[in-house]
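Colleague: Below is the file model_7.pdb, which contains PDB, C-alpha atoms.
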```pdb
ATOM      1  CA  MET A 500      -3.980  55.965 -46.933  1.00  0.00           C
ATOM      2  CA  PRO A 501      -3.324  52.874 -49.059  1.00  0.00           C
ATOM      3  CA  SER A 502      -2.710  49.459 -47.518  1.00  0.00           C
ATOM      4  CA  PRO A 503       0.162  47.211 -48.624  1.00  0.00           C
ATOM      5  CA  LEU A 504      -2.545  44.731 -49.650  1.00  0.00           C
ATOM      6  CA  TRP A 505      -4.399  47.401 -51.692  1.00  0.00           C
ATOM      7  CA  PRO A 506      -1.834  50.119 -52.565  1.00  0.00           C
ATOM      8  CA  TYR A 507      -4.266  52.263 -54.567  1.00  0.00           C
ATOM      9  CA  ILE A 508      -6.270  55.375 -53.760  1.00  0.00           C
ATOM     10  CA  THR A 509      -9.340  54.115 -55.643  1.00  0.00           C
ATOM     11  CA  PRO A 510     -12.017  51.901 -54.102  1.00  0.00           C
ATOM     12  CA  GLY A 511     -12.927  48.542 -55.599  1.00  0.00           C
ATOM     13  CA  ILE A 512     -10.932  45.941 -53.671  1.00  0.00           C
ATOM     14  CA  PRO A 513     -11.378  42.500 -55.292  1.00  0.00           C
ATOM     15  CA  ASP A 514     -13.759  40.284 -53.330  1.00  0.00           C
ATOM     16  CA  GLU A 515     -11.242  37.476 -52.984  1.00  0.00           C
ATOM     17  CA  LEU A 516      -8.879  39.620 -50.893  1.00  0.00           C
ATOM     18  CA  PHE A 517     -11.362  39.615 -48.000  1.00  0.00           C
ATOM     19  CA  GLU A 518     -11.511  36.837 -45.437  1.00  0.00           C
ATOM     20  CA  ARG A 519     -14.992  35.293 -45.409  1.00  0.00           C
ATOM     21  CA  LEU A 520     -17.210  33.066 -43.298  1.00  0.00           C
ATOM     22  CA  PRO A 521     -19.703  30.585 -44.800  1.00  0.00           C
ATOM     23  CA  GLY A 522     -23.169  32.075 -45.094  1.00  0.00           C
ATOM     24  CA  ILE A 523     -22.078  35.645 -44.284  1.00  0.00           C
ATOM     25  CA  PRO A 524     -22.911  38.065 -47.102  1.00  0.00           C
ATOM     26  CA  LEU A 525     -20.270  40.091 -48.867  1.00  0.00           C
ATOM     27  CA  SER A 526     -21.100  43.266 -50.793  1.00  0.00           C
ATOM     28  CA  LYS A 527     -19.732  42.610 -54.270  1.00  0.00           C
ATOM     29  CA  ARG A 528     -17.092  45.012 -55.558  1.00  0.00           C
ATOM     30  CA  GLU A 529     -19.319  46.694 -58.163  1.00  0.00           C
ATOM     31  CA  ILE A 530     -22.159  47.154 -55.650  1.00  0.00           C
ATOM     32  CA  ARG A 531     -19.670  48.663 -53.183  1.00  0.00           C
ATOM     33  CA  LEU A 532     -18.593  51.218 -55.782  1.00  0.00           C
ATOM     34  CA  LEU A 533     -22.196  52.333 -56.336  1.00  0.00           C
ATOM     35  CA  LEU A 534     -22.867  52.434 -52.600  1.00  0.00           C
ATOM     36  CA  ILE A 535     -19.733  54.457 -51.845  1.00  0.00           C
ATOM     37  CA  ALA A 536     -20.629  56.931 -54.608  1.00  0.00           C
ATOM     38  CA  GLN A 537     -24.070  57.458 -53.053  1.00  0.00           C
ATOM     39  CA  LEU A 538     -22.561  58.135 -49.600  1.00  0.00           C
ATOM     40  CA  ARG A 539     -20.856  61.318 -50.898  1.00  0.00           C
ATOM     41  CA  LEU A 540     -18.141  61.115 -48.292  1.00  0.00           C
ATOM     42  CA  LYS A 541     -16.060  63.979 -46.974  1.00  0.00           C
ATOM     43  CA  PRO A 542     -12.435  63.519 -45.824  1.00  0.00           C
ATOM     44  CA  ASP A 543     -13.487  63.546 -42.163  1.00  0.00           C
ATOM     45  CA  SER A 544     -16.867  61.819 -42.446  1.00  0.00           C
ATOM     46  CA  VAL A 545     -18.112  59.632 -39.610  1.00  0.00           C
ATOM     47  CA  LEU A 546     -19.855  56.638 -41.151  1.00  0.00           C
ATOM     48  CA  LEU A 547     -22.216  54.330 -39.289  1.00  0.00           C
ATOM     49  CA  ASP A 548     -22.423  50.976 -41.121  1.00  0.00           C
ATOM     50  CA  ILE A 549     -25.303  48.813 -39.878  1.00  0.00           C
ATOM     51  CA  GLY A 550     -25.196  45.152 -40.833  1.00  0.00           C
ATOM     52  CA  ALA A 551     -21.536  45.399 -41.778  1.00  0.00           C
ATOM     53  CA  GLY A 552     -21.235  41.672 -42.570  1.00  0.00           C
ATOM     54  CA  THR A 553     -17.787  40.797 -43.887  1.00  0.00           C
ATOM     55  CA  GLY A 554     -16.547  44.357 -43.372  1.00  0.00           C
ATOM     56  CA  THR A 555     -15.987  45.322 -46.997  1.00  0.00           C
ATOM     57  CA  ILE A 556     -17.527  48.782 -46.636  1.00  0.00           C
ATOM     58  CA  PRO A 557     -15.666  49.640 -43.389  1.00  0.00           C
ATOM     59  CA  VAL A 558     -12.370  48.602 -44.984  1.00  0.00           C
ATOM     60  CA  GLU A 559     -12.994  50.559 -48.216  1.00  0.00           C
ATOM     61  CA  ILE A 560     -14.165  53.697 -46.373  1.00  0.00           C
ATOM     62  CA  GLY A 561     -11.412  53.402 -43.763  1.00  0.00           C
ATOM     63  CA  LEU A 562      -8.833  53.478 -46.557  1.00  0.00           C
ATOM     64  CA  LEU A 563     -10.588  56.244 -48.532  1.00  0.00           C
ATOM     65  CA  CYS A 564     -11.059  58.537 -45.517  1.00  0.00           C
ATOM     66  CA  PRO A 565      -8.093  58.085 -43.170  1.00  0.00           C
ATOM     67  CA  GLN A 566      -9.126  61.266 -41.294  1.00  0.00           C
ATOM     68  CA  GLY A 567     -12.657  59.941 -40.898  1.00  0.00           C
ATOM     69  CA  ARG A 568     -14.141  57.259 -38.663  1.00  0.00           C
ATOM     70  CA  VAL A 569     -16.214  54.162 -39.356  1.00  0.00           C
ATOM     71  CA  ILE A 570     -18.505  52.577 -36.792  1.00  0.00           C
ATOM     72  CA  ALA A 571     -19.460  49.070 -37.895  1.00  0.00           C
ATOM     73  CA  VAL A 572     -22.471  47.461 -36.210  1.00  0.00           C
ATOM     74  CA  GLU A 573     -22.839  43.694 -36.290  1.00  0.00           C
ATOM     75  CA  ARG A 574     -24.953  41.576 -33.956  1.00  0.00           C
ATOM     76  CA  ASP A 575     -23.062  38.268 -34.273  1.00  0.00           C
ATOM     77  CA  GLU A 576     -19.795  37.952 -32.314  1.00  0.00           C
ATOM     78  CA  ASP A 577     -18.085  35.729 -34.909  1.00  0.00           C
ATOM     79  CA  VAL A 578     -19.004  38.131 -37.705  1.00  0.00           C
ATOM     80  CA  ALA A 579     -17.870  41.139 -35.651  1.00  0.00           C
ATOM     81  CA  ASN A 580     -14.513  39.402 -35.196  1.00  0.00           C
ATOM     82  CA  LEU A 581     -14.393  38.773 -38.953  1.00  0.00           C
ATOM     83  CA  ILE A 582     -14.747  42.528 -39.540  1.00  0.00           C
ATOM     84  CA  ARG A 583     -11.892  43.153 -37.098  1.00  0.00           C
ATOM     85  CA  ARG A 584      -9.691  40.597 -38.873  1.00  0.00           C
ATOM     86  CA  ASN A 585     -10.370  42.145 -42.283  1.00  0.00           C
ATOM     87  CA  CYS A 586      -9.568  45.605 -40.900  1.00  0.00           C
ATOM     88  CA  ASP A 587      -6.322  44.265 -39.421  1.00  0.00           C
ATOM     89  CA  HIS A 588      -5.561  42.469 -42.694  1.00  0.00           C
ATOM     90  CA  PHE A 589      -5.797  45.762 -44.627  1.00  0.00           C
ATOM     91  CA  GLN A 590      -4.192  47.769 -41.785  1.00  0.00           C
ATOM     92  CA  VAL A 591      -7.249  50.005 -41.331  1.00  0.00           C
ATOM     93  CA  PRO A 592      -7.052  51.577 -37.842  1.00  0.00           C
ATOM     94  CA  ASN A 593     -10.031  53.956 -37.982  1.00  0.00           C
ATOM     95  CA  VAL A 594     -12.850  51.382 -37.693  1.00  0.00           C
ATOM     96  CA  GLN A 595     -14.680  50.671 -34.455  1.00  0.00           C
ATOM     97  CA  VAL A 596     -16.814  47.522 -34.288  1.00  0.00           C
ATOM     98  CA  ILE A 597     -19.902  47.499 -32.064  1.00  0.00           C
ATOM     99  CA  GLU A 598     -21.443  44.125 -31.286  1.00  0.00           C
ATOM    100  CA  GLY A 599     -25.190  44.477 -30.966  1.00  0.00           C
ATOM    101  CA  SER A 600     -28.522  44.752 -32.741  1.00  0.00           C
ATOM    102  CA  ALA A 601     -29.699  48.022 -34.212  1.00  0.00           C
ATOM    103  CA  PRO A 602     -31.475  50.124 -33.234  1.00  0.00           C
ATOM    104  CA  ASP A 603     -30.968  49.080 -29.570  1.00  0.00           C
ATOM    105  CA  CYS A 604     -27.165  49.375 -29.596  1.00  0.00           C
ATOM    106  CA  LEU A 605     -27.149  52.869 -31.119  1.00  0.00           C
ATOM    107  CA  SER A 606     -27.476  54.485 -27.695  1.00  0.00           C
ATOM    108  CA  ALA A 607     -23.821  53.460 -27.124  1.00  0.00           C
ATOM    109  CA  LEU A 608     -22.561  55.711 -29.950  1.00  0.00           C
ATOM    110  CA  LYS A 609     -19.907  58.158 -28.802  1.00  0.00           C
ATOM    111  CA  GLU A 610     -19.688  60.001 -32.136  1.00  0.00           C
ATOM    112  CA  ILE A 611     -22.456  61.507 -34.244  1.00  0.00           C
ATOM    113  CA  PRO A 612     -22.409  59.986 -37.749  1.00  0.00           C
ATOM    114  CA  ASP A 613     -22.972  62.244 -40.742  1.00  0.00           C
ATOM    115  CA  ARG A 614     -23.273  59.272 -43.081  1.00  0.00           C
ATOM    116  CA  VAL A 615     -25.197  56.046 -42.503  1.00  0.00           C
ATOM    117  CA  CYS A 616     -25.020  52.871 -44.556  1.00  0.00           C
ATOM    118  CA  ILE A 617     -27.642  50.198 -43.869  1.00  0.00           C
ATOM    119  CA  GLU A 618     -26.755  46.863 -45.425  1.00  0.00           C
ATOM    120  CA  GLY A 619     -29.128  44.752 -43.392  1.00  0.00           C
ATOM    121  CA  GLY A 620     -31.089  44.554 -40.204  1.00  0.00           C
ATOM    122  CA  ARG A 621     -34.662  44.165 -39.093  1.00  0.00           C
ATOM    123  CA  PRO A 622     -36.919  45.931 -38.529  1.00  0.00           C
ATOM    124  CA  ILE A 623     -35.622  48.305 -41.187  1.00  0.00           C
ATOM    125  CA  GLN A 624     -38.219  51.009 -40.500  1.00  0.00           C
ATOM    126  CA  GLU A 625     -37.248  51.243 -36.821  1.00  0.00           C
ATOM    127  CA  ILE A 626     -33.567  51.348 -37.733  1.00  0.00           C
ATOM    128  CA  LEU A 627     -34.129  54.159 -40.239  1.00  0.00           C
ATOM    129  CA  GLN A 628     -36.123  56.196 -37.717  1.00  0.00           C
ATOM    130  CA  ALA A 629     -33.434  55.730 -35.056  1.00  0.00           C
ATOM    131  CA  VAL A 630     -30.505  56.713 -37.289  1.00  0.00           C
ATOM    132  CA  TRP A 631     -32.467  59.656 -38.676  1.00  0.00           C
ATOM    133  CA  ASP A 632     -32.719  61.070 -35.155  1.00  0.00           C
ATOM    134  CA  TYR A 633     -28.899  60.927 -34.837  1.00  0.00           C
ATOM    135  CA  LEU A 634     -28.115  62.479 -38.216  1.00  0.00           C
ATOM    136  CA  PRO A 635     -27.162  66.153 -38.355  1.00  0.00           C
ATOM    137  CA  GLU A 636     -28.565  68.427 -41.045  1.00  0.00           C
ATOM    138  CA  SER A 637     -27.154  67.504 -44.481  1.00  0.00           C
ATOM    139  CA  GLY A 638     -26.445  63.973 -43.266  1.00  0.00           C
ATOM    140  CA  ARG A 639     -27.018  61.131 -45.744  1.00  0.00           C
ATOM    141  CA  VAL A 640     -28.509  57.672 -45.460  1.00  0.00           C
ATOM    142  CA  VAL A 641     -27.807  54.940 -47.996  1.00  0.00           C
ATOM    143  CA  ALA A 642     -29.583  51.586 -47.731  1.00  0.00           C
ATOM    144  CA  THR A 643     -29.546  48.449 -49.839  1.00  0.00           C
ATOM    145  CA  ALA A 644     -32.512  46.249 -50.685  1.00  0.00           C
ATOM    146  CA  ALA A 645     -32.201  42.813 -52.237  1.00  0.00           C
ATOM    147  CA  ASN A 646     -35.933  42.221 -52.643  1.00  0.00           C
ATOM    148  CA  LEU A 647     -39.169  44.067 -53.387  1.00  0.00           C
ATOM    149  CA  GLU A 648     -40.354  44.003 -49.767  1.00  0.00           C
ATOM    150  CA  SER A 649     -37.201  45.721 -48.499  1.00  0.00           C
ATOM    151  CA  LEU A 650     -37.342  48.216 -51.352  1.00  0.00           C
ATOM    152  CA  TYR A 651     -40.892  49.146 -50.382  1.00  0.00           C
ATOM    153  CA  SER A 652     -40.113  49.387 -46.653  1.00  0.00           C
ATOM    154  CA  ILE A 653     -37.073  51.606 -47.179  1.00  0.00           C
ATOM    155  CA  SER A 654     -38.711  53.891 -49.740  1.00  0.00           C
ATOM    156  CA  GLN A 655     -41.804  54.258 -47.543  1.00  0.00           C
ATOM    157  CA  SER A 656     -39.637  55.087 -44.515  1.00  0.00           C
ATOM    158  CA  LEU A 657     -37.610  57.698 -46.408  1.00  0.00           C
ATOM    159  CA  ALA A 658     -40.868  59.337 -47.526  1.00  0.00           C
ATOM    160  CA  GLN A 659     -42.245  59.370 -43.978  1.00  0.00           C
ATOM    161  CA  LEU A 660     -39.003  60.889 -42.675  1.00  0.00           C
ATOM    162  CA  GLN A 661     -39.276  63.565 -45.365  1.00  0.00           C
ATOM    163  CA  ALA A 662     -35.849  62.762 -46.746  1.00  0.00           C
ATOM    164  CA  ARG A 663     -34.720  65.052 -49.541  1.00  0.00           C
ATOM    165  CA  ASN A 664     -32.917  64.310 -52.804  1.00  0.00           C
ATOM    166  CA  ILE A 665     -33.995  60.665 -52.736  1.00  0.00           C
ATOM    167  CA  GLU A 666     -32.302  58.498 -55.336  1.00  0.00           C
ATOM    168  CA  VAL A 667     -32.868  54.856 -56.204  1.00  0.00           C
ATOM    169  CA  VAL A 668     -30.431  52.866 -58.330  1.00  0.00           C
ATOM    170  CA  GLN A 669     -30.740  49.235 -59.343  1.00  0.00           C
ATOM    171  CA  SER A 670     -27.511  47.476 -60.212  1.00  0.00           C
ATOM    172  CA  ALA A 671     -27.207  45.234 -63.261  1.00  0.00           C
ATOM    173  CA  VAL A 672     -23.683  43.833 -63.237  1.00  0.00           C
ATOM    174  CA  ASN A 673     -22.231  40.939 -65.230  1.00  0.00           C
ATOM    175  CA  ARG A 674     -18.800  39.451 -64.648  1.00  0.00           C
ATOM    176  CA  LEU A 675     -16.687  37.435 -67.055  1.00  0.00           C
ATOM    177  CA  GLU A 676     -16.162  33.918 -65.688  1.00  0.00           C
ATOM    178  CA  THR A 677     -14.290  30.904 -66.977  1.00  0.00           C
ATOM    179  CA  ARG A 678     -16.422  27.752 -67.051  1.00  0.00           C
ATOM    180  CA  GLY A 679     -14.597  24.746 -68.342  1.00  0.00           C
ATOM    181  CA  PHE A 680     -12.918  25.761 -71.586  1.00  0.00           C
ATOM    182  CA  SER A 681     -15.085  28.779 -72.307  1.00  0.00           C
ATOM    183  CA  GLN A 682     -15.643  32.231 -70.891  1.00  0.00           C
ATOM    184  CA  THR A 683     -19.113  33.547 -70.221  1.00  0.00           C
ATOM    185  CA  PHE A 684     -20.770  36.463 -68.470  1.00  0.00           C
ATOM    186  CA  ALA A 685     -22.512  35.690 -65.188  1.00  0.00           C
ATOM    187  CA  ALA A 686     -24.909  38.091 -63.496  1.00  0.00           C
ATOM    188  CA  VAL A 687     -24.201  39.420 -60.019  1.00  0.00           C
ATOM    189  CA  ASP A 688     -27.399  39.441 -57.945  1.00  0.00           C
ATOM    190  CA  PRO A 689     -29.162  42.756 -58.606  1.00  0.00           C
ATOM    191  CA  MET A 690     -29.385  45.197 -55.715  1.00  0.00           C
ATOM    192  CA  PHE A 691     -31.406  48.338 -55.086  1.00  0.00           C
ATOM    193  CA  ILE A 692     -29.452  51.223 -53.539  1.00  0.00           C
ATOM    194  CA  LEU A 693     -31.571  53.967 -51.996  1.00  0.00           C
ATOM    195  CA  SER A 694     -30.247  57.251 -50.651  1.00  0.00           C
ATOM    196  CA  GLY A 695     -31.614  60.407 -49.107  1.00  0.00           C
ATOM    197  CA  GLU A 696     -30.523  63.528 -47.232  1.00  0.00           C
ATOM    198  CA  LYS A 697     -31.710  65.122 -44.030  1.00  0.00           C
ATOM    199  CA  LEU A 698     -32.431  68.770 -44.777  1.00  0.00           C
ATOM    200  CA  ASP A 699     -34.495  71.178 -42.660  1.00  0.00           C
TER     201      ASP A 699
END
```
Would it be possible to restate this file's structure as structure tokens?
Modeller:
Amino acid sequence: MPSPLWPYITPGIPDELFERLPGIPLSKREIRLLLIAQLRLKPDSVLLDIGAGTGTIPVEIGLLCPQGRVIAVERDEDVANLIRRNCDHFQVPNVQVIEGSAPDCLSALKEIPDRVCIEGGRPIQEILQAVWDYLPESGRVVATAANLESLYSISQSLAQLQARNIEVVQSAVNRLETRGFSQTFAAVDPMFILSGEKLD
């Protein structure tokens, strides 16, 4: 269900179309595309997005899966309101924002997610264990790691949970930028994207 602001059925909304707050991370467009591909969404998927930040993933998924639902978890009230504003901006009605810290706030879930996206949060191992308990069989978890420590923690947790079909992708994206009178390629911060399935 396209938005007047993004009247396309493909993901990849330009970063500048989102409202932002200083210091609040935004998943870059190219990283979002990789992350969404790893989620393997169905038309009616229920996605739990932990550490939703600016709300780029909830907006993209809300538009891609109008029959689905997105539950965005964010612990900071101002950031949670930013997610709501971005959803309103893109006219995405199927996103619910929960203010709270994971995993403690997960007990308030009224729907069982079949997809989980973890874009932040500590302690990551406790969060992964908690969401794993909620996931139905064939549910998927996708988590991002910006550093080696997070990569290790997530991969170790997925192994302990006996996740199946584990995949790890590292992004290497360069964007053309104009600097003065010349154009040059600038690297987007690399990101690890880890995914796994819950299979009995």
Colleague: Skipping near chain neighbours, those fewer than 2 positions away, what residues fall within 10 Å of range 593-610 of chain A using all atoms listed in the file, listed as an NGL selection string?
Modeller: :A and (545-551 or 554 or 557-558 or 560-562 or 564-580 or 582-583 or 586-587 or 590-591 or 612-613 or 619-630 or 633)
Colleague: Interatomic distance between CA of Phe517 in chain A and CA of Ser694 in chain A?
Modeller: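 Between CA of Phe517 in chain A and CA of Ser694 in chain A the gap works out to 26.0 Å.
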Colleague: What's around Thr683 in chain A at 12 Å? Count all atoms listed in the file, leave out sequence neighbours fewer than 6 positions away in its own chain, and write the answer as a list in words.
Modeller: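 Non-adjacent residues within range: Asn673, Arg674, Leu675, Glu676 and Thr677 of chain A.
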Colleague: How would you write, as a PyMOL selection string, the residues chosen by the PyMOL selection byres ((chain A and resi 638) around 8) on this structure?
Modeller: chain A and resi 612-614+634-637+639-640+696-698
Colleague: Suppose we keep C-alpha atoms; can you now write the selection as a JSON list (two decimals), keeping the file's coordinate frame?
Modeller:
```json
[["chain", "number", "residue", "atom", "x", "y", "z"],
["A", 612, "PRO", "CA", -22.41, 59.99, -37.75],
["A", 613, "ASP", "CA", -22.97, 62.24, -40.74],
["A", 614, "ARG", "CA", -23.27, 59.27, -43.08],
["A", 634, "LEU", "CA", -28.12, 62.48, -38.22],
["A", 635, "PRO", "CA", -27.16, 66.15, -38.35],
["A", 636, "GLU", "CA", -28.56, 68.43, -41.04],
["A", 637, "SER", "CA", -27.15, 67.50, -44.48],
["A", 639, "ARG", "CA", -27.02, 61.13, -45.74],
["A", 640, "VAL", "CA", -28.51, 57.67, -45.46],
["A", 696, "GLU", "CA", -30.52, 63.53, -47.23],
["A", 697, "LYS", "CA", -31.71, 65.12, -44.03],
["A", 698, "LEU", "CA", -32.43, 68.77, -44.78]]
```
Colleague: Could you list, as number ranges by chain, every residue within 9 Å of Ile535 in chain A, counting only C-alpha atoms and ignoring same-chain residues fewer than 2 positions away?
Modeller: A: 510, 530-533, 537-540, 556, 559-560, 641
Colleague: Those same residues - C-alpha atoms - I'd like them written as a compact mmCIF listing (two decimals), in the coordinates of the input.
Modeller:
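Written output follows (again14.txt):
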```
# COMPACT_ATOMS: atom_id res chain seq x y z
CA PRO A 510 -12.02 51.90 -54.10
CA ILE A 530 -22.16 47.15 -55.65
CA ARG A 531 -19.67 48.66 -53.18
CA LEU A 532 -18.59 51.22 -55.78
CA LEU A 533 -22.20 52.33 -56.34
CA GLN A 537 -24.07 57.46 -53.05
CA LEU A 538 -22.56 58.14 -49.60
CA ARG A 539 -20.86 61.32 -50.90
CA LEU A 540 -18.14 61.12 -48.29
CA ILE A 556 -17.53 48.78 -46.64
CA GLU A 559 -12.99 50.56 -48.22
CA ILE A 560 -14.16 53.70 -46.37
CA VAL A 641 -27.81 54.94 -48.00
```
